[in-house]
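Trainee: Pasting a structure below so you can have a look.
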Amino acid sequence: MPSDPRHGDDADPLAQVRQRAHQILDTWIDGLAPLLSGDKPPTLAQLSSHMSETRAQLMGGCLQAVLDHIQSNYADLRRVSSPCCGKILYRKRMESKDLSTLHGEAQLSRPYFYCADCHQGFHPLDEALELAREVHQYDVQQELAQLAAELPYSCAAQQLRRLTGISVSEHAFHDHVNGIAEQIRIEDVIPLRSEIQRRIERARPPNGELPVLVVAVDGAHSPVRPPGGRKDKRGPGYWRETKGFRLYLIGPDERIVSVASWHQIENAEQLTQDLQVAAQRIPLDRVRVALVGDGAAWVWNAMEGNFPEAHQVLDYYHCAEHIWTVANAHYGHLTPEAHAWAEATLTRLSMGCLSDVMGGLRRMQPTDDAAGEEIAKLIDYLEEHRDRVDYDECTEQGLPRGSGGIESANKFLVHARLKRSGAWWLEPNGNGMLRLRCAIYNGTFDRVFKKYVANRRKKSSI
């Protein structure tokens with residue numbers, strides 16, 4: 001930073017900017033002449049189109065007027081202290097920089113200094129304005145990330161250009177977004193404890209009863225490709241399991257109040273560690289925790305280890321699939337007998353009659369070996385999860401019976417972006433996109449982006 005930046009003459013800085021801005025506005029108004037000189041007035045659509053096409057010119061010009069005043073204060077700056085070692089440095093030269101912002105383009109001319117001892121060059125004006133090193137400034141980069149989180153890069157670039165007039169190549173789009181995403185960590189994506197407490201209070205029932213916090217874990221699949229250029233022979237793509245969790249509250253109107261979601265292409269051990277970050281931010285004395293999952297062992301290992309005192313619920317619909325498998329194998333595919341047996345069995349489970357269901361299964365005389373195998377598998381399945389199928393108690397306590405919350409998170413956060421037609425992802429890029437989408441969905445993206453800017457500025461000052 002300059003030790004004593006000049007402040008120009010004693011003229012009112014706003015007067016100087018106002019004079020320039022009036023000139024820019026006059027020029028812009030002159031551009032309306034073709035629309036207003038005809039016999040018929042322009043339509044509202046024509047006026048809107050003209051303003052959309054020229055607003056970057058107008059706003060960019062005003063931005064340039066303000067920057068011209070600011071940079072004039074640095075034009076004669078010739079000596080500063082090194083931000084690294086404090087040594088007195090003398091200006092090497094003036095350098096120009098093109099800027100692309102959400103309000104148009106501008107250009108700066110600013111002094112450049114270099115510290116030979118620290119081997120570090122810097123621009124004091126860049127530090128004062130907190131500029132990004134790239135042409136596209138942080139306001140643009142923030143919009144790039146949020147657009148790319150929803151749309152393929154080519155579509156996102158088209159939408160940005162159509163709505164703002166800003167042109168960003170697909171390659172630059174990709175680089176900016178990956179640069180942001182690779183710095184995102186789960187500690188930043190999961191809401192802070194204070195924010196989670198506020199969401200819990202919003203979900204508290206009128207009778208003062210503790211709200212239910214549902215913890216659900218599941219896996220999805222994402223298309224992954226080997227490293228290499230798009231034109232290289234890198235072999236076919238393949239599918240990797242994306243493991244994720246979702247924490248949400250059941251509000252007084254039975255609507256979901258989201259707390260946190262996290263999805264990554266990773267192994268079960270890493271997912272368990274990630275879930276621990278979220279678990280440590282939950283005020284357990286303010287909620288009743290219910291764990292919901294299918295029959296996968298890794299799912300329950302992850303949840304039990306982080307919420308050992310929670311009520312465990314085997315997803316009713318996964319359980320129903322196993323029961324229907326036995327019904328179809330024993331009585332025939334979708335026969336009336338299969339339907340009657342499956343519905344009766346599910347009704348008994350819903351009423352808490354697991355012992356009756358188990359007894360009935362053990363007394364069944366399989367029609368063939370395949371049916372016998374499915375019956376044995378269902379007996380083992382229910383025996384393994386016997387403490388998780390108390391569906392009648394779930395109904396009484398207002399606990400969920402199904403894993404729809406995590407299934408919808410898989411579809412919304414993973415499938416909707418990663419599984420678009422023709423999409424194949426490098427694993428680091430796919431994980432980066434998932435982190436970005438989770439931050440946006442969790443309501444923590446602004447905090448994530450501020451940290452990204454702070455890290456970039458800190459790195460550029462070293």
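Quick note on naming: the chains in the structure tokens go A, B, ... in the order shown, residues restart at 1 in each chain, and ligands are numbered from 1 in order of appearance.
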Neighbours of Gly405 of chain A within 9 Å (only C-alpha atoms; same-chain residues fewer than 5 positions away dropped), as a ChimeraX atom specification?

Mentor: /A:214,216,246-248,256,410

Trainee: Residues of segment 206-446 of chain A classed as helix (DSSP H, G or I) by DSSP on the backbone are to be reported as an NGL selection string.

Mentor: :A and (268-279 or 284-286 or 297-306 or 316-331 or 336-350 or 354-363 or 369-384 or 386-388 or 391-397 or 404-418 or 427-442 or 445-446)

Trainee: With only C-alpha atoms as the basis for distance, which of A:Gln158, A:Thr27, A:Asn306, A:Gln312 is at the shortest distance from Asp294 of chain A?

Mentor: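 Distance minimum relative to Asp294 of chain A lands on A:Gln312.
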
Trainee: Pick out the closest residue to Ala260 of chain A from this set: A:Pro428, A:Pro191, A:Pro366, A:Pro205. Count only C-alpha atoms.

Mentor: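 Answer, going by the shortest atom-to-atom distance: A:Pro191.
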
Trainee: Just give me the gap between atom CA of Glu396 of chain A and atom CA of Gly293 of chain A in Å, one decimal is fine.

Mentor: 19.5 Å

Trainee: Find the residues around Arg457 of chain A up to 9 Å (only C-alpha atoms counted), leave out those fewer than 2 positions away in its own chain, and share them as a PyMOL selection string.

Mentor: chain A and resi 127+130-132+452-455+459-462
